[in-house]
Amino acid sequence: MSSIRMTLAGMSGIAGVKANDTFASWLKRMTQTLGLPLIGLLVFLFIWQVGAKQIDTSLGQFPGPTQVYEQANALISEHFNERERESAFYERQEQRNAERVAKDPDYVPKIREYTGKPTFFDQIGTSLVTVLAGFAIAALIAIPLGICIGLNGALYSALNPIIQLFKPVSPLAWLPLVTMVVSAAYVSDDPLFAKSFLTSLFTVSLCCLWPTLINTAVGVSAISPDLQNVSKVLRLNWLTHVVRIVLPSSVPMIFTGLRLSLGIAWMVLIAAEMLAQNPGLGKFVWDEFQNGSSDSLGRIMVAVLVIGLIGFLLDRVMLLIQRAVSWDKNAITR
Amino acid sequence: MAAHLELTDVSIEFPTPKGAFKALDGVNLKIERGEFVSLIGHSGCGKSTVLNIVAGLHQATTGGVVLDGREVNEPGPERAVVFQNHSLLPWLTAYENVELAVRQVFKGKKSKAEMKAWIEHNLELVHMTHAIHKRPDEISGGMKQRVGIARALAMEPTVLLMDEPFGALDALTRAHLQDSLMEIQNELNNTVIMITHDVDEAVLLSDRIVMMTNGPAATVGEILKVELPRPRDRIALADDPVYNHCRHQVLRFLYEKQRKVQPLDSRRPKGQAGTDAKARKQA
């Protein structure tokens, strides 16, 4: 992950070459910013290729970089094939409906949904929607609650044991409970959301709530006494105090919490999908594992890399938002 | 006739694990309207505590503060404070920092345009027009302190409280700000209480210098009237017999009468002098 970041930094470095730079210093910078990460990547690929050959499993050899590359291409073409089949299906349906309407003008055409298997990319989409929704719910609860806890010492003392108790609970422990509660509570003839979606959603929220909650509370309670005195001298009312003083001054800590939360949310989601058979990348991995063909391990490895890449990108996006929103440009934004 | 601002028998005790700590004992002080009073004393003598009680940030255990016939028991903008380390909100520009105060104090009394003009006027007073839209981390320490003063002045305070306003600045910047402050004082003629540990600063700026004895149970030791005509000029005053006499008086009080005997390693760093009371509270 960091190699990509450094490479990006390196590229901007190339763009900024100054006329008075000597070639030698340029070369030195290039080696440092671009060369070293590249070497690291190549060494990793080499070790992977050589190491993979040594591992034999009941599903064949452990996939090396080349097999993974092939499987990635296969997954992409599967996706496009599936999309073609889908549009063909709708085309045929429309044609049939048009023919029947031509014969019998009273006929009301029925539209049937295409019921093909979701592709790898569909699963990625589902996972992303779920993780962002779960994370949003967690943030909406954790930030206001964190502010209240940070402002009020008594509330903090009252809630701290509960927070400490639930913080380390694994998502897998919550999952059966959430599943049962969702099944019991969410009864509707025309559900807006699938139950599996809600189960994953709440499991993710429950697990990623804590870092934001704790960091917000710490950030709020760490506001400098000088700024609090300013607020007192100005006789700011509670709301103005929170909006103008408390919130901005704890923004850096809130974002630290949010980034931790999003990372946890993404990890939790994959596990939840895997165990609960909810649609998403986790289910993809589990299905491939159960499928047990000679391609399975390669396809799982593609999923592993994609999961890592998406996790990295999610963190980068949060970082960009933090840079745009936070006043503290000196905060460690890495 | 009652004085403009009157401190009567002000004592304060802070609870500590070892029992109550008496920081101030029987402080009496009367200040007239438009008077510039300095509080001077060794660090830890409770000067900041006196200021915080006048500001309403601390409550006196016994005795009290009366401002224009009304007892002080909570903080308020009519007793604006200039804090030692500027205390500007780092996410707001100089203009917005002053604006926050102006909006709060003149809500419903001034129109938007009047407020804007008032904010700009106060920033002009402290010579900060050129950096009006800069944030605190983009300007120097002296400039931050100027904005802090502008913010306090913009509240149109009855009494301006300054807690070692120039303590964290280098000598040249400090002199520059002292001149600015005299200029502003000449124009506005505010009632000011300033804490300082700089003898020259006290003599140059004040009408009266209140010298405090060493804590615990600190109180007013001596009060010196500085009978120098205004406007005062620091260069001309260097050879002035009255000026030097005043300096001498203060120095004698601090280094002979109230000499602080203390091992070097237990001395607090300079920057913390403003939070003496708090440090003691936690000790």
# chains A, B, ... in the order shown; residues from 1 in each chain; ligands from 1
call {"tool": "interface_residues", "arguments": {"of": "chain A", "to": "chain B", "cutoff": "12 Å", "atoms": "only C-alpha atoms", "output": "number ranges by chain"}}
result
A: 223-237, 240-241, 243-252, 325-330
call {"tool": "select_by_dssp", "arguments": {"residues": "segment 35-255 of chain A", "states": "helix (DSSP H, G or I)", "output": "ChimeraX atom specification"}}
result
/A:35-54,65-103,120-151,153-166,171-185,195-221,225-233,238-255
call {"tool": "select_by_dssp", "arguments": {"residues": "segment 48-266 of chain B", "states": "strand (DSSP E)", "output": "MDAnalysis selection string"}}
result
chainID B and resid 62:67 70:71 81:82 159:163 191:196 208:212 220:225
call {"tool": "write_last_selection", "arguments": {"atoms": "N, CA and C atoms", "output": "compact mmCIF listing (two decimals), in the first residue's frame"}}
result
# COMPACT_ATOMS: atom_id res chain seq x y z
N THR B 62 -13.77 34.26 50.30
CA THR B 62 -14.41 35.32 51.09
C THR B 62 -14.13 36.65 50.40
N GLY B 63 -14.93 37.65 50.71
CA GLY B 63 -14.77 38.94 50.06
C GLY B 63 -15.32 38.89 48.66
N GLY B 64 -15.19 40.02 47.95
CA GLY B 64 -15.75 40.01 46.61
C GLY B 64 -15.33 41.22 45.80
N VAL B 65 -15.78 41.21 44.53
CA VAL B 65 -15.44 42.26 43.59
C VAL B 65 -16.72 42.98 43.20
N VAL B 66 -16.69 44.32 43.25
CA VAL B 66 -17.86 45.09 42.83
C VAL B 66 -17.43 46.02 41.70
N LEU B 67 -18.15 45.90 40.57
CA LEU B 67 -17.87 46.74 39.41
C LEU B 67 -19.09 47.63 39.17
N ARG B 70 -22.15 46.68 40.98
CA ARG B 70 -22.70 45.33 40.81
C ARG B 70 -21.64 44.28 41.15
N GLU B 71 -22.06 43.24 41.90
CA GLU B 71 -21.08 42.24 42.28
C GLU B 71 -20.76 41.32 41.10
N VAL B 81 -10.89 39.70 28.62
CA VAL B 81 -9.57 39.25 29.04
C VAL B 81 -8.67 39.09 27.81
N VAL B 82 -7.45 39.62 27.91
CA VAL B 82 -6.41 39.32 26.93
C VAL B 82 -5.53 38.26 27.58
N VAL B 159 -13.88 47.08 31.89
CA VAL B 159 -12.51 46.90 32.39
C VAL B 159 -11.82 45.93 31.46
N LEU B 160 -10.61 46.29 31.06
CA LEU B 160 -9.83 45.39 30.21
C LEU B 160 -8.82 44.66 31.09
N LEU B 161 -8.87 43.34 31.08
CA LEU B 161 -7.97 42.55 31.92
C LEU B 161 -6.91 41.92 31.03
N MET B 162 -5.65 42.12 31.39
CA MET B 162 -4.57 41.57 30.57
C MET B 162 -3.67 40.71 31.44
N ASP B 163 -3.60 39.43 31.07
CA ASP B 163 -2.82 38.48 31.85
C ASP B 163 -1.46 38.27 31.18
N THR B 191 -10.26 51.45 31.46
CA THR B 191 -9.76 50.98 32.74
C THR B 191 -9.06 49.65 32.46
N VAL B 192 -7.80 49.55 32.87
CA VAL B 192 -7.03 48.35 32.54
C VAL B 192 -6.38 47.78 33.79
N ILE B 193 -6.46 46.47 33.95
CA ILE B 193 -5.63 45.78 34.94
C ILE B 193 -4.72 44.85 34.16
N MET B 194 -3.42 45.04 34.36
CA MET B 194 -2.47 44.22 33.61
C MET B 194 -1.54 43.49 34.58
N ILE B 195 -1.34 42.22 34.32
CA ILE B 195 -0.37 41.47 35.10
C ILE B 195 0.94 41.48 34.35
N THR B 196 2.03 41.67 35.07
CA THR B 196 3.32 41.65 34.40
C THR B 196 4.38 41.18 35.40
N ARG B 208 -0.70 53.26 38.26
CA ARG B 208 -0.35 52.75 39.58
C ARG B 208 0.19 51.33 39.45
N ILE B 209 1.14 50.99 40.29
CA ILE B 209 1.69 49.65 40.29
C ILE B 209 1.36 48.99 41.62
N VAL B 210 0.65 47.87 41.55
CA VAL B 210 0.31 47.13 42.76
C VAL B 210 1.31 45.99 42.91
N MET B 211 2.09 46.06 44.02
CA MET B 211 3.11 45.03 44.22
C MET B 211 2.61 44.00 45.19
N MET B 212 2.70 42.75 44.81
CA MET B 212 2.13 41.69 45.63
C MET B 212 3.19 40.93 46.39
N VAL B 220 -1.74 42.39 48.85
CA VAL B 220 -1.12 43.59 48.29
C VAL B 220 -0.03 44.07 49.25
N GLY B 221 1.18 44.22 48.75
CA GLY B 221 2.29 44.67 49.60
C GLY B 221 2.36 46.19 49.62
N GLU B 222 2.70 46.77 48.46
CA GLU B 222 2.77 48.22 48.35
C GLU B 222 2.08 48.65 47.07
N ILE B 223 1.64 49.92 47.06
CA ILE B 223 1.08 50.48 45.83
C ILE B 223 1.88 51.72 45.49
N LEU B 224 2.35 51.78 44.26
CA LEU B 224 3.19 52.89 43.84
C LEU B 224 2.47 53.69 42.76
N LYS B 225 2.38 55.00 42.96
CA LYS B 225 1.77 55.85 41.94
C LYS B 225 2.87 56.32 40.99
call {"tool": "atom_distance", "arguments": {"atom1": "atom CA of Gly125 of chain A", "atom2": "atom CA of Leu201 of chain A"}}
result
14.2 Å
call {"tool": "residues_around", "arguments": {"residues": "Phe166 of chain A", "least_positions_apart": "2", "cutoff": "10 Å", "atoms": "only C-alpha atoms", "output": "count of residues only"}}
result
11
call {"tool": "atom_distance", "arguments": {"atom1": "atom CA of Met318 of chain A", "atom2": "atom CA of Thr179 of chain A"}}
result
29.5 Å
call {"tool": "residues_around", "arguments": {"residues": "Thr57 of chain A", "least_positions_apart": "4", "cutoff": "12 Å", "atoms": "only C-alpha atoms", "output": "short mmCIF file (atom, residue, chain, number, x, y, z; two decimals) with C-alpha atoms, in the first residue's frame"}}
result
data_model
loop_
_atom_site.label_atom_id
_atom_site.label_comp_id
_atom_site.auth_asym_id
_atom_site.auth_seq_id
_atom_site.Cartn_x
_atom_site.Cartn_y
_atom_site.Cartn_z
CA ALA A 52 3.72 -20.37 -4.31
CA LYS A 53 5.37 -23.19 -6.28
CA GLN A 61 -0.83 -25.41 -6.43
CA PHE A 62 -1.00 -22.17 -4.48
CA PRO A 63 -1.61 -19.38 -7.00
CA GLY A 292 -13.27 -26.03 -4.78
CA SER A 293 -12.25 -25.93 -8.43
CA SER A 294 -8.63 -25.63 -9.51
CA SER A 296 -10.70 -21.21 -6.76
CA LEU A 297 -7.53 -20.30 -4.92
#
call {"tool": "residues_around", "arguments": {"residues": "Lys116 of chain B", "least_positions_apart": "3", "cutoff": "12 Å", "atoms": "only C-alpha atoms", "output": "ChimeraX atom specification"}}
result
/B:95-96,98-100,102-103,106,110-113,119-123,132,154
call {"tool": "atom_distance", "arguments": {"atom1": "atom CA of Lys30 of chain B", "atom2": "atom CA of Ala3 of chain B"}}
result
6.0 Å
